[in-house]
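Novice: I am sharing data31.tsv, which consists of TSV, C-alpha atoms:
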```tsv
chain	number	residue	atom	x	y	z
X	25	MET	CA	67.16	130.67	73.95
X	26	HIS	CA	69.64	128.11	75.32
X	27	GLU	CA	70.74	130.60	77.98
X	28	VAL	CA	67.48	129.97	79.85
X	29	SER	CA	68.43	126.38	80.56
X	30	ILE	CA	71.97	127.38	81.58
X	31	MET	CA	70.57	129.86	84.05
X	32	GLU	CA	68.05	127.34	85.34
X	33	SER	CA	70.94	125.05	86.12
X	34	ALA	CA	72.96	127.85	87.77
X	35	VAL	CA	70.08	129.06	89.93
X	36	ARG	CA	69.22	125.51	90.94
X	37	MET	CA	72.82	124.91	92.08
X	38	ALA	CA	72.85	128.23	93.97
X	39	VAL	CA	69.55	127.50	95.71
X	40	ASP	CA	70.65	123.96	96.63
X	41	ALA	CA	73.96	125.21	98.02
X	42	ALA	CA	72.19	127.92	100.02
X	43	LYS	CA	69.63	125.52	101.46
X	44	SER	CA	72.22	122.92	102.42
X	45	ALA	CA	74.17	125.69	104.22
X	46	GLY	CA	71.00	126.63	106.10
X	47	ALA	CA	70.56	129.99	104.36
X	48	ASN	CA	67.25	131.68	103.52
X	49	ARG	CA	68.32	133.93	100.67
X	50	VAL	CA	70.69	133.91	97.73
X	51	LEU	CA	72.05	137.47	97.43
X	52	ALA	CA	74.43	137.05	94.50
X	53	LEU	CA	75.62	134.52	91.92
X	54	ARG	CA	79.05	134.69	90.33
X	55	LEU	CA	79.56	132.89	87.03
X	56	ARG	CA	82.64	132.31	84.89
X	57	VAL	CA	81.82	132.40	81.18
X	58	GLY	CA	84.44	131.53	78.58
X	59	THR	CA	84.46	133.41	75.28
X	60	LEU	CA	84.16	130.07	73.43
X	61	SER	CA	81.48	128.63	75.72
X	62	GLY	CA	78.68	129.41	73.28
X	63	ALA	CA	76.72	131.36	75.91
X	64	VAL	CA	75.96	135.06	75.39
X	65	PRO	CA	76.30	137.14	78.60
X	66	GLU	CA	73.48	139.55	77.69
X	67	ALA	CA	71.11	136.65	77.13
X	68	LEU	CA	72.19	135.03	80.41
X	69	ARG	CA	71.36	138.24	82.24
X	70	PHE	CA	67.99	138.42	80.55
X	71	ALA	CA	67.18	134.82	81.52
X	72	PHE	CA	68.40	135.28	85.08
X	73	ASP	CA	65.51	137.43	86.32
X	74	VAL	CA	62.98	135.05	84.82
X	75	VAL	CA	64.37	131.88	86.36
X	76	CYS	CA	64.97	133.45	89.80
X	77	ARG	CA	61.32	134.32	90.17
X	78	ASP	CA	59.59	132.54	93.07
X	79	THR	CA	62.85	131.08	94.36
X	80	ILE	CA	65.02	132.17	97.30
X	81	ALA	CA	67.28	133.76	94.68
X	82	GLU	CA	64.65	136.29	93.59
X	83	GLY	CA	66.22	139.74	93.53
X	84	ALA	CA	69.78	138.39	93.64
X	85	SER	CA	72.52	140.11	91.67
X	86	LEU	CA	74.37	138.37	88.86
X	87	GLU	CA	78.08	138.89	88.32
X	88	MET	CA	79.82	137.39	85.32
X	89	GLU	CA	83.53	137.05	84.78
X	90	THR	CA	84.49	136.61	81.13
X	91	VAL	CA	87.32	134.13	80.58
X	92	PRO	CA	89.26	134.91	77.38
X	93	ALA	CA	90.18	131.87	75.32
X	94	ALA	CA	93.81	130.82	75.42
X	95	GLY	CA	95.73	128.15	73.58
X	96	TRP	CA	99.02	126.50	74.51
X	97	CYS	CA	101.72	126.06	71.89
X	98	PRO	CA	103.85	122.99	72.64
X	99	VAL	CA	106.67	124.30	70.41
X	100	CYS	CA	106.95	127.81	71.88
X	101	ARG	CA	105.95	126.46	75.28
X	102	ALA	CA	103.79	129.53	75.72
X	103	GLU	CA	100.17	130.56	75.67
X	104	PHE	CA	98.51	132.52	72.90
X	105	GLU	CA	95.17	134.23	72.49
X	106	CYS	CA	92.51	132.24	70.61
X	107	ALA	CA	89.71	134.01	68.82
X	108	ASP	CA	88.11	130.75	67.69
X	109	PHE	CA	88.64	127.01	67.70
X	110	ILE	CA	91.49	127.19	65.21
X	111	SER	CA	94.47	126.62	67.43
X	112	GLU	CA	97.28	127.90	65.25
X	113	CYS	CA	100.11	129.52	67.18
X	114	PRO	CA	100.54	133.14	65.98
X	115	ARG	CA	104.31	132.97	66.62
X	116	CYS	CA	105.47	129.75	64.99
X	117	HIS	CA	102.26	128.85	63.07
X	118	ASN	CA	102.24	125.36	64.52
X	119	PRO	CA	98.62	124.23	64.10
X	120	ASN	CA	98.71	121.86	67.08
X	121	GLY	CA	97.84	124.28	69.85
X	122	GLU	CA	95.81	122.98	72.74
X	123	LEU	CA	92.82	124.97	73.96
X	124	ARG	CA	93.50	125.69	77.61
X	125	ARG	CA	90.78	128.16	78.53
X	126	GLY	CA	87.65	129.69	77.04
X	127	ARG	CA	85.01	126.95	77.26
X	128	GLU	CA	84.20	127.65	80.94
X	129	LEU	CA	80.61	127.77	81.98
X	130	GLU	CA	80.83	127.58	85.71
X	131	ILE	CA	79.26	128.83	88.88
X	132	ALA	CA	82.19	130.26	90.83
X	133	SER	CA	80.44	131.22	94.03
X	134	VAL	CA	77.20	132.30	95.62
X	135	GLU	CA	76.54	134.80	98.33
X	136	ILE	CA	73.93	133.74	100.83
X	137	ASN	CA	72.24	135.03	103.90
F	5	MET	CA	68.45	120.58	79.62
F	6	CYS	CA	70.59	121.66	76.74
F	7	LYS	CA	72.76	124.69	77.13
F	8	GLU	CA	72.99	125.20	73.39
F	9	CYS	CA	69.41	125.49	72.26
F	10	GLY	CA	67.27	125.22	75.37
F	11	CYS	CA	65.55	122.09	74.14
F	12	GLY	CA	64.13	119.73	76.68
F	13	LEU	CA	62.84	122.37	79.03
F	14	GLY	CA	59.94	121.05	81.04
F	15	GLY	CA	58.86	117.44	81.44
F	16	ASP	CA	60.58	115.56	78.67
F	17	ASN	CA	59.54	112.11	77.84
F	18	VAL	CA	62.57	110.15	76.83
F	19	LYS	CA	61.92	106.58	75.70
F	20	ILE	CA	64.63	103.98	75.94
F	21	GLY	CA	64.06	100.68	74.22
F	22	GLY	CA	60.33	101.40	74.07
F	23	HIS	CA	59.92	102.24	77.77
F	24	ALA	CA	59.19	105.79	78.88
F	25	HIS	CA	61.53	107.28	81.46
F	26	GLU	CA	60.90	110.63	83.01
F	27	HIS	CA	63.93	112.73	82.16
F	28	ASP	CA	65.74	113.05	85.44
F	29	HIS	CA	66.05	116.64	86.53
F	30	GLY	CA	67.25	115.42	89.88
F	31	HIS	CA	69.04	117.83	92.12
F	32	GLY	CA	69.24	118.60	95.80
F	33	HIS	CA	71.92	117.11	98.07
F	34	ALA	CA	75.34	115.78	97.16
F	35	HIS	CA	77.52	118.51	95.72
F	36	GLU	CA	80.60	116.50	96.56
F	37	HIS	CA	83.03	119.08	95.22
F	38	GLU	CA	81.71	121.98	97.23
F	39	HIS	CA	84.25	124.01	99.09
F	40	HIS	CA	82.93	126.30	101.74
F	41	HIS	CA	85.21	129.26	102.33
F	42	GLU	CA	84.14	132.53	103.73
F	43	HIS	CA	85.16	135.62	101.82
F	44	GLY	CA	84.10	139.21	101.36
F	45	HIS	CA	80.65	140.50	102.17
F	46	SER	CA	79.92	142.73	99.22
F	47	HIS	CA	76.19	142.08	99.49
F	48	GLY	CA	76.17	141.68	103.23
F	49	GLY	CA	76.03	137.90	103.09
F	50	THR	CA	78.35	134.92	103.26
F	51	THR	CA	80.16	133.71	100.16
F	52	LEU	CA	80.21	130.02	99.30
F	53	ASN	CA	82.76	129.04	96.69
F	54	LEU	CA	81.25	126.37	94.47
F	55	ASN	CA	83.47	126.20	91.36
F	56	LEU	CA	81.10	123.81	89.63
F	57	SER	CA	80.56	123.35	85.93
F	58	LEU	CA	76.99	124.08	84.95
F	59	LEU	CA	77.11	120.74	83.17
F	60	GLU	CA	78.50	119.15	86.33
F	61	LYS	CA	75.75	116.55	86.68
F	62	ASN	CA	76.25	115.19	83.18
F	63	ASP	CA	80.04	115.22	83.53
F	64	ARG	CA	79.81	113.22	86.74
F	65	LEU	CA	77.48	110.63	85.21
F	66	ALA	CA	79.73	110.42	82.15
F	67	GLU	CA	82.71	109.58	84.35
F	68	GLN	CA	80.65	106.87	86.03
F	69	ASN	CA	79.79	105.45	82.60
F	70	ARG	CA	83.44	105.58	81.57
F	71	GLY	CA	84.55	103.64	84.63
F	72	PHE	CA	81.81	101.07	84.15
F	73	PHE	CA	82.59	100.59	80.45
F	74	ARG	CA	86.32	100.23	81.20
F	75	ALA	CA	85.58	97.55	83.76
F	76	LYS	CA	83.59	95.74	81.07
F	77	LYS	CA	86.59	96.11	78.69
F	78	LEU	CA	84.44	97.87	76.12
F	79	LEU	CA	85.68	100.30	73.50
F	80	VAL	CA	82.98	102.99	73.40
F	81	LEU	CA	82.41	105.31	70.44
F	82	ASN	CA	80.17	108.38	70.34
F	83	VAL	CA	79.29	108.85	66.66
F	84	VAL	CA	78.11	112.36	65.79
F	85	SER	CA	77.26	114.15	62.55
F	86	SER	CA	74.61	116.20	60.79
F	87	PRO	CA	71.41	114.32	59.93
F	88	GLY	CA	71.97	112.25	56.78
F	89	SER	CA	75.75	111.92	56.87
F	90	GLY	CA	75.44	108.14	56.91
F	91	LYS	CA	75.90	107.26	60.58
F	92	THR	CA	73.62	104.22	60.55
F	93	THR	CA	75.05	102.72	57.36
F	94	PHE	CA	78.59	103.37	58.60
F	95	ILE	CA	77.84	101.62	61.92
F	96	ARG	CA	76.03	98.71	60.24
F	97	GLU	CA	78.92	98.08	57.84
F	98	THR	CA	81.48	98.44	60.62
F	99	ALA	CA	79.63	95.76	62.62
F	100	ALA	CA	79.26	93.47	59.61
F	101	LYS	CA	82.92	93.69	58.62
F	102	LEU	CA	84.12	93.21	62.21
F	103	ALA	CA	82.03	90.03	62.58
F	104	GLY	CA	84.20	87.18	63.86
F	105	ARG	CA	86.78	89.69	65.06
F	106	LEU	CA	84.94	92.02	67.44
F	107	ARG	CA	81.36	91.97	68.69
F	108	LEU	CA	79.58	95.28	68.37
F	109	GLY	CA	76.42	96.63	70.05
F	110	VAL	CA	74.66	99.92	69.37
F	111	ILE	CA	72.71	102.55	71.28
F	112	VAL	CA	70.94	104.80	68.80
F	113	GLY	CA	69.36	108.15	69.53
F	114	ASP	CA	66.73	109.98	67.47
F	115	LEU	CA	63.96	112.44	68.27
F	116	ALA	CA	61.34	109.97	67.06
F	117	THR	CA	60.87	106.54	65.39
F	118	ASP	CA	62.87	103.37	65.87
F	119	ASN	CA	63.72	103.16	62.16
F	120	ASP	CA	67.48	103.25	62.74
F	121	ALA	CA	67.28	100.55	65.41
F	122	ALA	CA	65.19	98.41	63.05
F	123	ARG	CA	67.78	98.83	60.27
F	124	LEU	CA	70.55	97.68	62.60
F	125	ARG	CA	68.51	94.88	64.17
F	126	THR	CA	67.79	93.45	60.72
F	127	ALA	CA	71.56	93.12	60.31
F	128	GLY	CA	71.67	91.05	63.52
F	129	ILE	CA	73.28	93.77	65.67
F	130	PRO	CA	72.18	94.10	69.33
F	131	VAL	CA	70.61	97.55	69.52
F	132	VAL	CA	68.67	99.81	71.91
F	133	GLN	CA	66.80	102.81	70.52
F	134	ILE	CA	66.48	106.00	72.56
F	135	THR	CA	63.80	108.39	71.34
F	136	THR	CA	64.46	111.75	72.91
F	137	GLY	CA	61.19	113.51	72.08
F	138	THR	CA	62.32	117.13	71.90
F	139	VAL	CA	65.87	116.73	73.21
F	140	CYS	CA	68.48	117.37	70.53
F	141	HIS	CA	71.32	115.29	72.01
F	142	LEU	CA	71.97	112.22	74.14
F	143	ASP	CA	73.20	112.68	77.69
F	144	ALA	CA	75.14	110.39	80.01
F	145	ASP	CA	72.05	109.40	81.99
F	146	MET	CA	70.17	108.21	78.89
F	147	VAL	CA	73.22	106.20	77.82
F	148	ALA	CA	73.54	104.54	81.24
F	149	LYS	CA	69.88	103.47	81.14
F	150	ALA	CA	70.11	102.23	77.56
F	151	ALA	CA	73.36	100.33	78.20
F	152	ALA	CA	71.61	98.44	81.00
F	153	GLN	CA	69.36	96.90	78.32
F	154	LEU	CA	72.29	95.38	76.42
F	155	ASP	CA	74.22	92.26	77.40
F	156	LEU	CA	77.55	94.11	77.63
F	157	ASP	CA	79.50	91.00	78.58
F	158	LYS	CA	78.89	89.73	75.07
F	159	LEU	CA	80.25	92.89	73.41
F	160	ASP	CA	83.69	94.29	72.64
F	161	VAL	CA	82.66	97.60	71.10
F	162	LEU	CA	79.71	99.79	72.08
F	163	VAL	CA	78.74	102.36	69.47
F	164	ILE	CA	76.52	105.25	70.50
F	165	GLU	CA	74.84	106.80	67.48
F	166	ASN	CA	74.02	110.29	68.68
F	167	VAL	CA	71.12	112.44	67.46
F	168	GLY	CA	71.96	113.98	64.07
F	169	ASN	CA	73.08	117.45	65.19
F	170	LEU	CA	76.48	119.13	65.04
F	171	VAL	CA	75.78	121.67	67.79
F	172	CYS	CA	74.41	120.43	71.10
F	173	PRO	CA	75.99	116.94	71.39
F	174	ALA	CA	79.41	118.64	71.45
F	175	ASP	CA	78.92	119.59	75.10
F	176	TYR	CA	77.67	116.28	76.41
F	177	ASP	CA	80.27	113.74	77.42
F	178	LEU	CA	78.64	110.31	77.39
F	179	GLY	CA	81.58	108.41	78.88
F	180	GLU	CA	82.95	107.41	75.48
F	181	ASP	CA	86.58	106.57	74.66
F	182	LEU	CA	86.45	108.13	71.23
F	183	ARG	CA	84.26	110.80	69.73
F	184	VAL	CA	83.87	110.08	66.04
F	185	VAL	CA	82.55	112.87	63.79
F	186	LEU	CA	81.36	112.09	60.27
F	187	LEU	CA	81.53	114.47	57.33
F	188	SER	CA	79.90	113.21	54.14
F	189	VAL	CA	81.18	114.38	50.76
F	190	THR	CA	77.72	115.76	49.95
F	191	GLU	CA	77.80	118.26	52.81
F	192	GLY	CA	80.36	120.80	51.73
F	193	GLU	CA	84.00	121.15	52.58
F	194	ASP	CA	83.49	123.97	55.07
F	195	LYS	CA	81.42	122.06	57.65
F	196	PRO	CA	84.36	121.86	60.08
F	197	LEU	CA	84.73	125.65	59.90
F	198	LYS	CA	81.00	126.18	60.43
F	199	TYR	CA	80.71	123.86	63.45
F	200	PRO	CA	84.12	124.13	65.10
F	201	PRO	CA	83.19	123.06	68.67
F	202	MET	CA	82.06	119.64	67.49
F	203	PHE	CA	84.92	119.07	65.05
F	204	HIS	CA	87.42	120.38	67.58
F	205	SER	CA	86.21	117.92	70.22
F	206	ALA	CA	86.44	114.84	67.98
F	207	HIS	CA	89.19	112.22	68.32
F	208	VAL	CA	88.40	110.77	64.93
F	209	ALA	CA	87.01	112.42	61.79
F	210	VAL	CA	85.58	110.20	59.05
F	211	VAL	CA	84.86	111.45	55.54
F	212	THR	CA	81.94	109.27	54.41
F	213	LYS	CA	80.24	108.50	51.07
F	214	SER	CA	83.58	108.82	49.28
F	215	ASP	CA	82.06	106.90	46.33
F	216	MET	CA	79.91	109.99	45.65
F	217	ALA	CA	82.77	112.50	45.77
F	218	ALA	CA	82.96	113.11	42.03
F	219	ALA	CA	79.18	113.48	41.60
F	220	ALA	CA	79.03	115.91	44.55
F	221	GLY	CA	81.96	117.96	43.23
F	222	PHE	CA	83.74	117.36	46.52
F	223	ASP	CA	86.99	119.29	46.92
F	224	ARG	CA	88.90	116.67	48.88
F	225	LYS	CA	92.01	118.74	49.40
F	226	LEU	CA	90.06	121.69	50.82
F	227	ALA	CA	87.97	119.44	53.09
F	228	LEU	CA	91.06	117.77	54.55
F	229	GLN	CA	92.73	121.14	54.97
F	230	ASN	CA	89.69	122.42	56.90
F	231	LEU	CA	89.56	119.27	59.02
F	232	GLU	CA	93.23	119.57	59.85
F	233	ARG	CA	92.76	123.17	60.93
F	234	VAL	CA	89.86	122.53	63.30
F	235	SER	CA	90.37	118.86	64.23
F	236	HIS	CA	94.14	118.95	64.06
F	237	HIS	CA	94.60	116.26	66.70
F	238	ALA	CA	92.02	113.88	65.16
F	239	ARG	CA	92.76	110.73	63.14
F	240	ILE	CA	91.20	111.17	59.72
F	241	PHE	CA	89.71	108.34	57.64
F	242	GLU	CA	88.15	108.54	54.18
F	243	LEU	CA	85.79	105.76	53.22
F	244	SER	CA	82.60	104.55	51.62
F	245	ALA	CA	80.59	102.23	53.86
F	246	LYS	CA	78.52	101.33	50.81
F	247	THR	CA	81.36	100.09	48.57
F	248	GLY	CA	83.71	99.15	51.43
F	249	ASP	CA	86.44	101.34	50.00
F	250	GLY	CA	88.70	102.63	52.80
F	251	MET	CA	86.96	100.59	55.51
F	252	LYS	CA	89.96	98.38	56.25
F	253	ALA	CA	92.08	101.16	57.78
F	254	TRP	CA	89.17	102.18	60.02
F	255	LEU	CA	88.49	98.60	61.16
F	256	ASP	CA	92.18	97.97	61.90
F	257	PHE	CA	92.26	101.19	63.89
F	258	LEU	CA	89.28	100.01	65.98
F	259	ALA	CA	90.82	96.61	66.59
F	260	GLU	CA	94.05	98.24	67.67
F	261	LYS	CA	92.22	100.65	70.01
F	262	ARG	CA	90.19	97.78	71.49
F	263	SER	CA	93.32	95.81	72.34
F	264	ALA	CA	95.21	98.86	73.65
```
Please go through the file and, once you have read it, give me the structure as structure tokens.
Specialist:
Amino acid sequence: MHEVSIMESAVRMAVDAAKSAGANRVLALRLRVGTLSGAVPEALRFAFDVVCRDTIAEGASLEMETVPAAGWCPVCRAEFECADFISECPRCHNPNGELRRGRELEIASVEIN
Amino acid sequence: MCKECGCGLGGDNVKIGGHAHEHDHGHGHAHEHEHHHEHGHSHGGTTLNLNLSLLEKNDRLAEQNRGFFRAKKLLVLNVVSSPGSGKTTFIRETAAKLAGRLRLGVIVGDLATDNDAARLRTAGIPVVQITTGTVCHLDADMVAKAAAQLDLDKLDVLVIENVGNLVCPADYDLGEDLRVVLLSVTEGEDKPLKYPPMFHSAHVAVVTKSDMAAAAGFDRKLALQNLERVSHHARIFELSAKTGDGMKAWLDFLAEKRSA
């Protein structure tokens, strides 16, 4: 259910940006969603149609880019894939990895007309 | 608006210090970080690159709070935990034991009642209660409004007692210096593994109610191991606010952070 409020926020930003650029329609929204962001893409898509209704974004398309989570190991000085919040380096097993990507929940761009 | 559970949709009625404030869903104008570049025309329109966090408004207000609190030379803590982990007792005892050394004020958030504020006020601590209604977390705007009701020039440490919830508050920066997560010995050693975003985001993890560890069958070693896996960068304290055991290390840490 929390995806509804995320999409409300996204559509509001898109509509505001479109209006301040003098546009009449929002044709597309592009989001970046990290795998550790807590948001479920299918649920975002479901919410999108509902929250676009009666706005200048009605009928717009939704594109989502998934950002895989990555940690940074200060010992190996290299990135590693993170499946969860446990930032242990798979190479040297140093537990002090730093989460670099994966929590994104961003509006990348909008297409307007 | 909460991205985790969707609470607070519609007209929320947040009360701060007994006064109702309409929850500000303000928008329009001022997207200062907008970058307008024209790109492809896949849908026949013009592309505007925004690159904004969907929590952008809260993040911006949190940075304003942080700057304001720094200027006031306040050390600001955001205390988070499940309901019933002992946040209020922990804060009350911290204030009492710091008396004469550091002056502490509290902003306390709950869905309803001002019971926590009353408990702290009885101990002589300056306190503002925020009742959030249906909202499951505090946000930076609520904190700014509540802080305005405290005489900050007479404080050294501002403690924000968040709503008891290990999920949603993880995503809301309030402008704090330190996020302090509590884990009571009665909760189970695997809490950090069950709620990793919150434990991962904490700067300090405090194991509370240590006086009850034996009665609760608390596996201390396992709990610390789990904390170190998820909150590996956090400072860990083990204490009982009730008996005072272990409080000294925590208080010294605060005093050191305040003077840093």
Novice: For chain X, which residues have at least one atom within 6 Å of chain F, if we go by only C-alpha atoms? Write them as a short mmCIF file (atom, residue, chain, number, x, y, z; two decimals) with C-alpha atoms, in the frame of the given file, please.
Specialist:
```cif
data_model
loop_
_atom_site.label_atom_id
_atom_site.label_comp_id
_atom_site.auth_asym_id
_atom_site.auth_seq_id
_atom_site.Cartn_x
_atom_site.Cartn_y
_atom_site.Cartn_z
CA MET X 25 67.16 130.67 73.95
CA HIS X 26 69.64 128.11 75.32
CA SER X 29 68.43 126.38 80.56
CA ILE X 30 71.97 127.38 81.58
CA ASP X 40 70.65 123.96 96.63
CA PHE X 109 88.64 127.01 67.70
CA ILE X 110 91.49 127.19 65.21
CA LEU X 129 80.61 127.77 81.98
CA GLU X 130 80.83 127.58 85.71
CA ILE X 131 79.26 128.83 88.88
CA ALA X 132 82.19 130.26 90.83
CA SER X 133 80.44 131.22 94.03
CA VAL X 134 77.20 132.30 95.62
CA GLU X 135 76.54 134.80 98.33
CA ILE X 136 73.93 133.74 100.83
CA ASN X 137 72.24 135.03 103.90
#
```
Novice: For a quick check of understanding, using only C-alpha atoms, which of F:Lys19, F:Arg64, F:Arg70, F:Lys77 has the smallest distance to Leu115 of chain F?
Specialist: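 Using only C-alpha atoms, Leu115 of chain F sits closest to F:Lys19.
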Novice: Write out as a CSV table (one decimal) with C-alpha atoms, keeping the file's coordinate frame the residues lying within 9 Å of Leu60 of chain X, counting only C-alpha atoms and excluding same-chain residues fewer than 3 positions away.
Specialist:
```csv
chain,number,residue,atom,x,y,z
X,57,VAL,CA,81.8,132.4,81.2
X,63,ALA,CA,76.7,131.4,75.9
X,91,VAL,CA,87.3,134.1,80.6
X,92,PRO,CA,89.3,134.9,77.4
X,93,ALA,CA,90.2,131.9,75.3
X,107,ALA,CA,89.7,134.0,68.8
X,108,ASP,CA,88.1,130.8,67.7
X,109,PHE,CA,88.6,127.0,67.7
X,125,ARG,CA,90.8,128.2,78.5
X,126,GLY,CA,87.6,129.7,77.0
X,127,ARG,CA,85.0,127.0,77.3
X,128,GLU,CA,84.2,127.6,80.9
F,201,PRO,CA,83.2,123.1,68.7
```
Novice: One number please: atom CA of Val161 of chain F to atom CA of Ile20 of chain F, in Å, one decimal.
Specialist: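 Atom CA of Ile20 of chain F lies 19.7 Å from atom CA of Val161 of chain F.
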Novice: Ranking X:Glu82, X:Glu103, X:Glu112, X:Glu89 by minimum distance to Val50 of chain X and counting all atoms listed in the file, which one comes first?
Specialist: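 Closest to Val50 of chain X of all the choices is X:Glu82.
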Novice: Could you check which residues have any atom within 12 Å of (65.7, 107.2, 63.9), counting all atoms listed in the file with coordinates taken straight from the file, and then list them as a PyMOL selection string?
Specialist: chain F and resi 87-88+91-92+111-124+132-137+165-168
Novice: Pick out the residues sitting within 10 Å of Ala66 of chain F, and hand them over as a list of chain:residue names; count all atoms listed in the file, and ignore anything fewer than 2 positions along from it in its own chain.
Specialist: F:Glu60, F:Lys61, F:Asn62, F:Asp63, F:Arg64, F:Gln68, F:Asn69, F:Arg70, F:Gly71, F:Phe72, F:Asp143, F:Ala144, F:Asp145, F:Val147, F:Ala148, F:Tyr176, F:Asp177, F:Leu178, F:Gly179, F:Glu180
Novice: Keeping C-alpha atoms, export the residues of the selection given above as a PDB file, in the frame of the given file.
Specialist:
```pdb
ATOM      1  CA  GLU F  60      78.500 119.150  86.330  1.00  0.00           C
ATOM      2  CA  LYS F  61      75.750 116.550  86.680  1.00  0.00           C
ATOM      3  CA  ASN F  62      76.250 115.190  83.180  1.00  0.00           C
ATOM      4  CA  ASP F  63      80.040 115.220  83.530  1.00  0.00           C
ATOM      5  CA  ARG F  64      79.810 113.220  86.740  1.00  0.00           C
ATOM      6  CA  GLN F  68      80.650 106.870  86.030  1.00  0.00           C
ATOM      7  CA  ASN F  69      79.790 105.450  82.600  1.00  0.00           C
ATOM      8  CA  ARG F  70      83.440 105.580  81.570  1.00  0.00           C
ATOM      9  CA  GLY F  71      84.550 103.640  84.630  1.00  0.00           C
ATOM     10  CA  PHE F  72      81.810 101.070  84.150  1.00  0.00           C
ATOM     11  CA  ASP F 143      73.200 112.680  77.690  1.00  0.00           C
ATOM     12  CA  ALA F 144      75.140 110.390  80.010  1.00  0.00           C
ATOM     13  CA  ASP F 145      72.050 109.400  81.990  1.00  0.00           C
ATOM     14  CA  VAL F 147      73.220 106.200  77.820  1.00  0.00           C
ATOM     15  CA  ALA F 148      73.540 104.540  81.240  1.00  0.00           C
ATOM     16  CA  TYR F 176      77.670 116.280  76.410  1.00  0.00           C
ATOM     17  CA  ASP F 177      80.270 113.740  77.420  1.00  0.00           C
ATOM     18  CA  LEU F 178      78.640 110.310  77.390  1.00  0.00           C
ATOM     19  CA  GLY F 179      81.580 108.410  78.880  1.00  0.00           C
ATOM     20  CA  GLU F 180      82.950 107.410  75.480  1.00  0.00           C
TER      21      GLU F 180
END
```
Novice: I'd like the neighbourhood of Gly104 of chain F as a list in words, where a residue qualifies if any of its atoms comes within 12 Å (using only C-alpha atoms), though same-chain residues fewer than 6 positions away should be ignored.
Specialist: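 Residues near the query, excluding close chain neighbours: Leu159, Asp160 and Ala259 of chain F.
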Novice: Rounded to one decimal place, report the atom CA of Ser89 of chain F-atom CA of Val210 of chain F distance in Å.
Specialist: 10.2 Å
